[in-house]
>>> print(open('upload.csv').read())   # CSV, C-alpha atoms
chain,number,residue,atom,x,y,z
A,1,MET,CA,4.0,-7.6,24.6
A,2,THR,CA,3.8,-7.0,20.9
A,3,ARG,CA,5.5,-9.3,18.4
A,4,LEU,CA,7.4,-7.6,15.6
A,5,LEU,CA,7.8,-9.5,12.2
A,6,ASN,CA,9.7,-8.3,9.2
A,7,GLU,CA,9.3,-9.4,5.6
A,8,LYS,CA,11.9,-12.1,5.7
A,9,MET,CA,10.2,-13.8,8.6
A,10,ILE,CA,6.8,-13.6,7.0
A,11,ARG,CA,8.1,-15.1,3.7
A,12,GLU,CA,9.6,-18.0,5.7
A,13,LEU,CA,6.4,-18.5,7.7
A,14,LEU,CA,3.8,-18.7,4.9
A,15,THR,CA,3.7,-20.6,1.7
A,16,ILE,CA,1.7,-19.5,-1.4
A,17,LYS,CA,-0.6,-22.5,-0.9
A,18,GLU,CA,-1.4,-21.3,2.7
A,19,ILE,CA,-2.0,-17.8,1.5
A,20,ASN,CA,-4.5,-19.0,-1.1
A,21,GLU,CA,-6.3,-21.1,1.5
A,22,ILE,CA,-6.5,-18.2,4.0
A,23,VAL,CA,-7.9,-15.9,1.4
A,24,ASP,CA,-10.4,-18.5,0.3
A,25,ARG,CA,-11.5,-19.0,3.9
A,26,THR,CA,-11.8,-15.3,4.5
A,27,PHE,CA,-14.0,-14.9,1.5
A,28,LYS,CA,-16.2,-17.6,3.0
A,29,ASP,CA,-16.3,-15.6,6.3
A,30,PHE,CA,-17.4,-12.6,4.2
A,31,GLY,CA,-20.2,-14.8,2.8
A,32,ASP,CA,-21.2,-16.0,6.2
A,33,ASP,CA,-21.3,-12.4,7.5
A,34,LYS,CA,-18.5,-13.0,10.0
A,35,VAL,CA,-16.4,-10.0,8.8
A,36,ILE,CA,-16.7,-6.3,9.5
A,37,ASN,CA,-14.8,-4.5,6.8
A,38,PRO,CA,-15.3,-0.7,6.5
A,39,PRO,CA,-14.3,0.8,3.1
A,40,LYS,CA,-10.8,2.1,2.7
A,41,VAL,CA,-10.0,5.6,4.0
A,42,ASN,CA,-7.8,7.3,1.5
A,43,LEU,CA,-5.2,9.9,2.3
A,44,ASP,CA,-4.2,11.6,-1.0
A,45,LEU,CA,-0.6,12.8,-0.7
A,46,GLY,CA,-0.3,13.9,-4.3
A,47,GLU,CA,-1.4,10.7,-6.1
A,48,THR,CA,-3.9,12.8,-8.1
A,49,GLY,CA,-1.5,15.6,-8.8
A,50,ASN,CA,-2.9,17.8,-6.0
A,51,TYR,CA,-1.3,19.3,-2.8
A,52,PRO,CA,1.1,18.2,-1.2
A,53,TYR,CA,2.4,16.9,-4.6
A,54,TYR,CA,4.3,14.0,-3.2
A,55,GLU,CA,3.0,11.6,-5.9
A,56,GLY,CA,1.6,9.2,-3.3
A,57,PHE,CA,-1.3,8.0,-1.2
A,58,MET,CA,-2.0,6.1,2.0
A,59,ASN,CA,-5.0,3.9,2.7
A,60,ALA,CA,-6.2,2.9,6.1
A,61,MET,CA,-7.9,-0.6,5.9
A,62,PRO,CA,-9.4,-1.8,9.2
A,63,ALA,CA,-11.2,-5.2,9.6
A,64,TYR,CA,-12.5,-7.7,12.1
A,65,ILE,CA,-12.8,-11.4,11.3
A,66,GLY,CA,-15.0,-13.6,13.5
A,67,GLY,CA,-15.5,-17.3,13.5
A,68,THR,CA,-12.4,-19.2,14.4
A,69,SER,CA,-10.1,-16.3,13.8
A,70,ASP,CA,-11.6,-13.7,16.2
A,71,ILE,CA,-9.0,-11.0,15.3
A,72,ALA,CA,-9.0,-7.3,14.4
A,73,GLY,CA,-6.4,-5.3,12.6
A,74,LEU,CA,-5.5,-2.5,10.3
A,75,LYS,CA,-3.4,-2.3,7.2
A,76,TRP,CA,-1.8,1.1,6.7
A,77,VAL,CA,-0.6,0.9,3.1
A,78,GLY,CA,0.4,3.3,0.4
A,79,GLY,CA,2.1,3.8,-3.0
A,80,PHE,CA,4.6,6.4,-3.8
A,81,ALA,CA,6.4,7.5,-6.9
A,82,GLY,CA,8.5,10.7,-6.8
A,83,GLU,CA,11.2,10.7,-4.1
A,84,ARG,CA,10.5,7.0,-3.2
A,85,LYS,CA,11.1,6.0,-6.8
A,86,LYS,CA,14.3,8.1,-7.0
A,87,ALA,CA,15.5,6.3,-3.9
A,88,ASP,CA,15.0,2.9,-5.7
A,89,LEU,CA,12.4,1.8,-3.2
A,90,PRO,CA,9.4,-0.4,-4.0
A,91,TYR,CA,6.3,1.5,-5.0
A,92,ILE,CA,4.2,-0.1,-2.2
A,93,THR,CA,4.9,0.5,1.5
A,94,ALA,CA,2.8,-1.0,4.3
A,95,MET,CA,2.4,-2.1,7.9
A,96,ILE,CA,-0.2,-4.3,9.5
A,97,LEU,CA,-1.3,-4.0,13.1
A,98,LEU,CA,-3.1,-6.9,14.8
A,99,VAL,CA,-5.4,-6.2,17.8
A,100,ASN,CA,-7.0,-8.6,20.4
A,101,PRO,CA,-10.6,-7.6,19.8
A,102,GLN,CA,-11.7,-8.4,23.4
A,103,VAL,CA,-9.2,-6.3,25.4
A,104,GLY,CA,-7.6,-4.1,22.7
A,105,ASN,CA,-4.0,-5.2,23.1
A,106,PHE,CA,-1.8,-4.9,20.1
A,107,GLU,CA,-0.7,-8.4,19.5
A,108,ALA,CA,1.7,-7.9,16.5
A,109,VAL,CA,3.1,-5.4,14.1
A,110,LEU,CA,4.1,-6.9,10.7
A,111,GLU,CA,5.7,-5.6,7.6
A,112,GLY,CA,2.7,-5.4,5.2
A,113,SER,CA,3.9,-5.0,1.6
A,114,TYR,CA,4.7,-8.7,1.1
A,115,ILE,CA,1.3,-9.8,2.5
A,116,SER,CA,-0.5,-7.1,0.5
A,117,ASN,CA,1.1,-8.1,-2.8
A,118,MET,CA,0.6,-11.8,-2.2
A,119,ARG,CA,-3.0,-11.6,-1.2
A,120,THR,CA,-3.8,-9.3,-4.2
A,121,GLY,CA,-2.7,-12.2,-6.4
A,122,SER,CA,-4.4,-14.8,-4.3
A,123,GLN,CA,-7.8,-13.0,-4.4
A,124,THR,CA,-7.7,-13.4,-8.2
A,125,ALA,CA,-6.8,-17.1,-7.8
A,126,VAL,CA,-9.7,-17.6,-5.4
A,127,ALA,CA,-12.2,-15.8,-7.6
A,128,LEU,CA,-11.2,-18.0,-10.5
A,129,LYS,CA,-11.8,-21.0,-8.3
A,130,TYR,CA,-15.5,-20.1,-8.4
A,131,LEU,CA,-15.7,-18.6,-11.9
A,132,HIS,CA,-13.5,-20.9,-14.0
A,133,PRO,CA,-14.3,-24.6,-13.3
A,134,LYS,CA,-11.6,-26.0,-15.5
A,135,LYS,CA,-8.2,-27.0,-14.3
A,136,GLU,CA,-6.5,-25.5,-17.3
A,137,ILE,CA,-6.5,-21.7,-18.0
A,138,THR,CA,-5.1,-19.2,-20.4
A,139,ILE,CA,-4.2,-15.7,-19.2
A,140,GLY,CA,-3.7,-12.3,-20.8
A,141,MET,CA,-1.6,-10.2,-18.4
A,142,TYR,CA,-1.6,-6.5,-18.7
A,143,GLY,CA,1.4,-5.2,-16.8
A,144,ALA,CA,4.7,-6.9,-16.0
A,145,GLY,CA,5.6,-5.6,-12.5
A,146,LEU,CA,5.5,-7.1,-9.0
A,147,GLN,CA,1.7,-7.4,-9.0
A,148,ALA,CA,1.7,-9.3,-12.2
A,149,ARG,CA,4.2,-11.7,-10.7
A,150,THR,CA,2.1,-12.5,-7.7
A,151,GLN,CA,-0.9,-13.0,-9.9
A,152,ILE,CA,0.8,-15.7,-11.8
A,153,GLN,CA,2.5,-17.3,-8.7
A,154,THR,CA,-0.8,-17.7,-6.9
A,155,ILE,CA,-2.9,-18.7,-9.8
A,156,SER,CA,-0.4,-21.4,-10.8
A,157,GLU,CA,-0.8,-22.9,-7.4
A,158,TRP,CA,-4.4,-24.0,-8.3
A,159,PHE,CA,-4.4,-23.9,-12.1
A,160,ASP,CA,-2.4,-25.2,-15.0
A,161,ILE,CA,-1.6,-22.0,-17.0
A,162,THR,CA,-1.4,-23.4,-20.6
A,163,ARG,CA,-0.8,-20.0,-22.2
A,164,LEU,CA,0.3,-16.7,-20.9
A,165,VAL,CA,0.3,-13.6,-23.1
A,166,VAL,CA,1.9,-10.5,-21.4
A,167,TRP,CA,1.4,-7.0,-22.6
A,168,ASN,CA,3.4,-4.1,-21.2
A,169,HIS,CA,4.1,-0.6,-22.5
A,170,ARG,CA,7.9,-1.4,-22.3
A,171,ARG,CA,8.7,-4.6,-24.2
A,172,VAL,CA,12.0,-5.2,-22.4
A,173,THR,CA,10.1,-5.4,-19.0
A,174,ALA,CA,7.6,-7.8,-20.5
A,175,GLU,CA,10.4,-10.0,-21.8
A,176,SER,CA,12.1,-10.1,-18.4
A,177,PHE,CA,8.7,-11.0,-16.8
A,178,ALA,CA,8.2,-13.8,-19.4
A,179,GLN,CA,11.5,-15.4,-18.5
A,180,GLU,CA,10.8,-15.3,-14.8
A,181,MET,CA,7.4,-16.8,-15.2
A,182,LYS,CA,8.5,-19.9,-17.1
A,183,GLN,CA,8.7,-21.9,-13.8
A,184,TYR,CA,5.0,-21.2,-13.2
A,185,VAL,CA,3.5,-21.7,-16.7
A,186,THR,CA,3.0,-25.2,-18.2
A,187,GLY,CA,2.4,-23.9,-21.7
A,188,GLU,CA,3.7,-21.1,-24.0
A,189,ILE,CA,4.5,-17.5,-22.9
A,190,ILE,CA,4.0,-14.8,-25.5
A,191,VAL,CA,5.1,-11.2,-25.3
A,192,ALA,CA,2.6,-8.9,-27.0
A,193,ASP,CA,3.5,-5.9,-29.1
A,194,PRO,CA,3.4,-2.8,-26.8
A,195,ALA,CA,1.4,-1.0,-29.5
A,196,LYS,CA,-1.2,-3.8,-29.7
A,197,PRO,CA,-2.9,-4.6,-26.4
A,198,GLU,CA,-5.5,-6.6,-28.3
A,199,GLU,CA,-2.8,-9.3,-28.8
A,200,ALA,CA,-3.3,-10.4,-25.2
A,201,ALA,CA,-7.1,-10.4,-25.2
A,202,ASN,CA,-7.9,-13.8,-26.6
A,203,ASN,CA,-7.6,-15.7,-23.3
A,204,ASP,CA,-9.8,-17.1,-20.6
A,205,ALA,CA,-8.9,-14.5,-18.1
A,206,LEU,CA,-7.6,-10.9,-18.6
A,207,ILE,CA,-5.8,-9.3,-15.7
A,208,THR,CA,-4.9,-5.7,-15.6
A,209,VAL,CA,-2.3,-4.6,-13.1
A,210,THR,CA,-0.9,-1.4,-14.5
A,211,PRO,CA,-0.6,2.2,-13.2
A,212,ALA,CA,-2.6,3.4,-16.3
A,213,GLN,CA,-5.0,6.2,-15.7
A,214,GLU,CA,-6.6,6.0,-19.2
A,215,PRO,CA,-8.5,2.9,-20.4
A,216,PHE,CA,-6.7,0.7,-22.9
A,217,LEU,CA,-8.8,-2.5,-22.8
A,218,THR,CA,-12.0,-2.0,-24.8
A,219,LYS,CA,-15.2,-4.0,-25.6
A,220,GLU,CA,-14.2,-4.8,-29.1
A,221,MET,CA,-11.1,-6.6,-27.9
A,222,VAL,CA,-12.9,-9.0,-25.5
A,223,LYS,CA,-14.6,-12.1,-26.8
A,224,PRO,CA,-17.6,-13.8,-25.0
A,225,GLY,CA,-16.6,-16.2,-22.3
A,226,THR,CA,-13.8,-14.0,-21.0
A,227,ILE,CA,-13.4,-13.1,-17.3
A,228,VAL,CA,-11.8,-9.6,-17.0
A,229,PHE,CA,-10.1,-8.6,-13.8
A,230,PRO,CA,-9.4,-4.8,-13.7
A,231,MET,CA,-7.1,-4.6,-10.6
A,232,GLY,CA,-5.7,-1.1,-11.0
A,233,SER,CA,-6.6,1.8,-8.7
A,234,PHE,CA,-7.7,3.9,-11.7
A,235,GLN,CA,-9.5,2.8,-14.8
A,236,GLU,CA,-7.8,0.4,-17.2
A,237,VAL,CA,-10.9,-0.8,-19.0
A,238,SER,CA,-13.2,1.3,-21.1
A,239,ASP,CA,-16.8,2.3,-20.1
A,240,ASP,CA,-18.2,0.4,-23.1
A,241,LEU,CA,-16.5,-2.8,-21.8
A,242,ILE,CA,-17.9,-2.3,-18.3
A,243,LEU,CA,-21.4,-1.6,-19.7
A,244,ALA,CA,-21.2,-4.7,-21.9
A,245,ALA,CA,-20.4,-7.0,-19.0
A,246,ASP,CA,-23.2,-9.6,-18.5
A,247,LYS,CA,-22.1,-10.1,-14.9
A,248,ILE,CA,-20.2,-7.9,-12.4
A,249,ILE,CA,-18.7,-9.6,-9.4
A,250,VAL,CA,-16.9,-7.8,-6.6
A,251,ASP,CA,-15.3,-8.5,-3.3
A,252,HIS,CA,-16.8,-5.5,-1.4
A,253,ALA,CA,-19.7,-3.7,-3.1
A,254,GLU,CA,-19.4,-0.3,-1.5
A,255,GLN,CA,-15.7,-0.1,-1.9
A,256,ALA,CA,-15.6,-1.3,-5.5
A,257,LEU,CA,-18.0,1.4,-6.6
A,258,HIS,CA,-15.8,4.2,-5.3
A,259,ARG,CA,-12.3,3.2,-6.5
A,260,GLY,CA,-11.0,1.7,-9.6
A,261,ALA,CA,-12.9,0.6,-12.7
A,262,LEU,CA,-16.4,1.4,-11.5
A,263,LYS,CA,-15.7,4.8,-9.9
A,264,SER,CA,-16.4,7.1,-12.8
A,265,LEU,CA,-19.6,5.3,-13.9
A,266,ASN,CA,-20.8,5.2,-10.3
A,267,SER,CA,-20.2,8.9,-9.8
A,268,ASP,CA,-22.4,9.6,-12.9
A,269,GLY,CA,-25.1,7.3,-11.5
A,270,ILE,CA,-24.8,4.8,-14.4
A,271,ILE,CA,-23.5,1.9,-12.4
A,272,THR,CA,-24.9,1.3,-8.9
A,273,GLU,CA,-25.0,-1.5,-6.4
A,274,GLU,CA,-28.1,-2.8,-8.3
A,275,ASN,CA,-25.7,-3.6,-11.3
A,276,ILE,CA,-23.5,-5.9,-9.2
A,277,THR,CA,-24.4,-9.5,-9.7
A,278,THR,CA,-22.9,-10.9,-6.5
A,279,THR,CA,-19.8,-11.0,-4.4
A,280,ILE,CA,-16.9,-13.5,-4.2
A,281,GLY,CA,-17.9,-14.3,-0.6
A,282,GLU,CA,-21.5,-15.2,-1.6
A,283,LEU,CA,-20.1,-17.5,-4.4
A,284,ALA,CA,-17.7,-19.1,-1.9
A,285,VAL,CA,-20.4,-20.2,0.5
A,286,GLY,CA,-23.0,-21.0,-2.2
A,287,LYS,CA,-25.4,-18.2,-1.5
A,288,ALA,CA,-25.2,-17.2,-5.2
A,289,SER,CA,-24.3,-18.8,-8.5
A,290,VAL,CA,-23.2,-17.3,-11.7
A,291,GLY,CA,-24.1,-20.2,-13.9
A,292,ASP,CA,-22.5,-20.7,-17.4
A,293,LEU,CA,-20.2,-17.9,-18.2
A,294,SER,CA,-19.1,-19.1,-21.7
A,295,ASN,CA,-21.4,-16.9,-23.7
A,296,GLY,CA,-20.9,-13.6,-22.0
A,297,ILE,CA,-18.3,-11.2,-20.6
A,298,THR,CA,-17.7,-11.3,-16.9
A,299,LEU,CA,-16.2,-8.5,-14.9
A,300,CYS,CA,-14.6,-9.5,-11.6
A,301,ILE,CA,-13.3,-6.6,-9.4
A,302,PRO,CA,-11.5,-7.7,-6.2
A,303,ILE,CA,-10.5,-4.1,-5.3
A,304,GLY,CA,-8.8,-5.4,-2.1
A,305,THR,CA,-10.1,-5.6,1.5
A,306,GLY,CA,-8.3,-5.2,4.9
A,307,ALA,CA,-9.8,-8.4,6.1
A,308,LEU,CA,-7.7,-10.5,3.7
A,309,ASP,CA,-4.5,-8.7,5.0
A,310,VAL,CA,-5.5,-9.1,8.6
A,311,ALA,CA,-6.3,-12.8,8.1
A,312,VAL,CA,-3.0,-13.6,6.4
A,313,ALA,CA,-1.1,-11.6,9.0
A,314,ALA,CA,-2.9,-13.4,11.8
A,315,ARG,CA,-1.8,-16.7,10.5
A,316,ALA,CA,1.8,-15.5,10.2
A,317,TYR,CA,1.6,-14.2,13.8
A,318,GLU,CA,0.2,-17.5,15.0
A,319,LYS,CA,3.0,-19.5,13.4
A,320,ALA,CA,5.6,-17.1,14.6
A,321,VAL,CA,4.4,-17.6,18.2
A,322,GLU,CA,4.5,-21.4,17.7
A,323,GLN,CA,8.0,-21.3,16.3
A,324,GLY,CA,9.4,-18.6,18.5
A,325,ILE,CA,10.1,-16.3,15.5
A,326,GLY,CA,10.2,-12.5,15.8
A,327,GLU,CA,11.0,-10.0,18.5
A,328,SER,CA,8.8,-8.8,21.3
A,329,PHE,CA,8.5,-5.2,22.4
A,330,ILE,CA,6.6,-3.7,25.3
A,331,PHE,CA,4.8,-0.6,24.2
A,332,PHE,CA,2.5,-0.3,27.2
A,333,ASP,CA,3.8,-0.6,30.8
A,334,ASN,CA,0.9,-0.9,33.3
A,335,SER,CA,3.2,-0.6,36.3
A,336,PHE,CA,2.8,3.2,36.5
>>> encode(input="upload.csv", output="structure tokens")
Amino acid sequence: MTRLLNEKMIRELLTIKEINEIVDRTFKDFGDDKVINPPKVNLDLGETGNYPYYEGFMNAMPAYIGGTSDIAGLKWVGGFAGERKKADLPYITAMILLVNPQVGNFEAVLEGSYISNMRTGSQTAVALKYLHPKKEITIGMYGAGLQARTQIQTISEWFDITRLVVWNHRRVTAESFAQEMKQYVTGEIIVADPAKPEEAANNDALITVTPAQEPFLTKEMVKPGTIVFPMGSFQEVSDDLILAADKIIVDHAEQALHRGALKSLNSDGIITEENITTTIGELAVGKASVGDLSNGITLCIPIGTGALDVAVAARAYEKAVEQGIGESFIFFDNSF
């Protein structure tokens, strides 16, 4: 039988603290070579303006996690504007399938967008755990949507956010975000001028979670000692900022080079795997160290891996079984 879990069930099963801990443990599994995580397979459904012009995409993200987890799975996730936006549906749509890696049975099917959004925030929180040793942190947030919210929620679980400066191309959206984030921020929250993205740049960590397809964060805006997290699927930071980075840290080297901030420079042969300092997994298990980051610019790019989604989903499934939550469905009947 396969257990079916919807978003409401998953929200009730997992706390933000648990998600942070699962993501941290999974990065350690990466560092210990216990994870098999092929790069994303992208299905372009008009995201780039080409046929079939549906203004969307789907990514297939398979993974296996060994160690104590011993679980395999696949996240099938996409983002759609166009007709989905007209229907007032969330941009992200996703499902996660969990598979017993020994016999191939499908153990569970879970709604995937909540897990996807939360682990995206959590991977930033975990990276900061290894890059920013202080308890207090200031953040410049570029974007004020759902992804920006999960970033602050998960980071605030481990850090005291003493200042948050939010920049968004629509000020009213940024102001609404600022009001909602008061419960997670111990210090002041400032809304930057939409015409002046530099107003958010004077902070310990800069996080870009926008749909922008043209760079808006440049080298001249960023001071030494800053950790920059370009999280978008396109390129929100300029080439000169990338090339000025003293250290580049990623979650998955092959994947990070072919989507997001590094894609263009990699395509031109300017940035290659040799330019990557280390991975979050190697930092998590002590295989690498970045030393003192106070005098340089650090670029951290957790582009997102299926292993994190599978790990979080596996814990939700495990707790659902323990608590008798969810419905069971028989897809395969071996009586024939």
>>> closest_residue(input="upload.csv", among="A:Gly143, A:Ser264, A:Gly296, A:Leu308", to="A:Lys219", atoms="all atoms listed in the file")
A:Gly296
>>> closest_residue(input="upload.csv", among="A:Pro197, A:Gly104, A:Gly140, A:Gly112", to="A:Phe332", atoms="only C-alpha atoms")
A:Gly104
>>> residues_around(input="upload.csv", residues="A:Thr2", least_positions_apart="5", cutoff="9 Å", atoms="only C-alpha atoms", output="JSON, numbers by chain")
{"A": [105, 106, 107, 108, 109, 327, 328, 329, 330, 331]}
>>> closest_residue(input="upload.csv", among="A:Ala244, A:Val310, A:Met141, A:Ile155", to="A:Glu199", atoms="only C-alpha atoms")
A:Met141
>>> residues_around(input="upload.csv", residues="A:Tyr114", least_positions_apart="2", cutoff="8 Å", atoms="only C-alpha atoms", output="list in words")
Glu7, Ile10, Arg11, Glu111, Gly112, Ser116, Asn117 and Met118 of chain A
>>> closest_residue(input="upload.csv", among="A:Asn50, A:Ser176, A:Thr124, A:Thr68", to="A:Asp251", atoms="all atoms listed in the file")
A:Thr124
>>> decode(input="upload.csv", residues="stretch 215-244 of chain A", atoms="C-alpha atoms", output="PDB file, in the first residue's frame")
ATOM      1  CA  PRO A 215      21.122  41.084 -12.798  1.00  0.00           C
ATOM      2  CA  PHE A 216      20.340  43.816 -10.269  1.00  0.00           C
ATOM      3  CA  LEU A 217      22.943  43.125  -7.547  1.00  0.00           C
ATOM      4  CA  THR A 218      26.416  44.282  -8.585  1.00  0.00           C
ATOM      5  CA  LYS A 219      29.958  44.182  -7.236  1.00  0.00           C
ATOM      6  CA  GLU A 220      29.994  47.854  -6.295  1.00  0.00           C
ATOM      7  CA  MET A 221      27.010  47.352  -3.960  1.00  0.00           C
ATOM      8  CA  VAL A 222      28.552  44.544  -1.907  1.00  0.00           C
ATOM      9  CA  LYS A 223      31.068  45.188   0.870  1.00  0.00           C
ATOM     10  CA  PRO A 224      33.773  42.734   2.043  1.00  0.00           C
ATOM     11  CA  GLY A 225      32.548  40.264   4.634  1.00  0.00           C
ATOM     12  CA  THR A 226      29.204  39.733   2.911  1.00  0.00           C
ATOM     13  CA  ILE A 227      27.757  36.314   2.109  1.00  0.00           C
ATOM     14  CA  VAL A 228      25.601  36.429  -1.028  1.00  0.00           C
ATOM     15  CA  PHE A 229      22.967  33.787  -1.723  1.00  0.00           C
ATOM     16  CA  PRO A 230      21.694  34.015  -5.328  1.00  0.00           C
ATOM     17  CA  MET A 231      18.736  31.625  -5.121  1.00  0.00           C
ATOM     18  CA  GLY A 232      16.879  32.410  -8.345  1.00  0.00           C
ATOM     19  CA  SER A 233      16.643  30.111 -11.338  1.00  0.00           C
ATOM     20  CA  PHE A 234      18.092  32.794 -13.607  1.00  0.00           C
ATOM     21  CA  GLN A 235      20.781  35.393 -12.819  1.00  0.00           C
ATOM     22  CA  GLU A 236      20.059  38.058 -10.208  1.00  0.00           C
ATOM     23  CA  VAL A 237      23.701  38.957  -9.542  1.00  0.00           C
ATOM     24  CA  SER A 238      26.085  40.509 -12.059  1.00  0.00           C
ATOM     25  CA  ASP A 239      29.041  38.744 -13.618  1.00  0.00           C
ATOM     26  CA  ASP A 240      31.456  41.212 -12.004  1.00  0.00           C
ATOM     27  CA  LEU A 241      30.128  40.273  -8.553  1.00  0.00           C
ATOM     28  CA  ILE A 242      30.512  36.564  -9.289  1.00  0.00           C
ATOM     29  CA  LEU A 243      34.046  37.055 -10.586  1.00  0.00           C
ATOM     30  CA  ALA A 244      34.917  39.183  -7.549  1.00  0.00           C
TER      31      ALA A 244
END
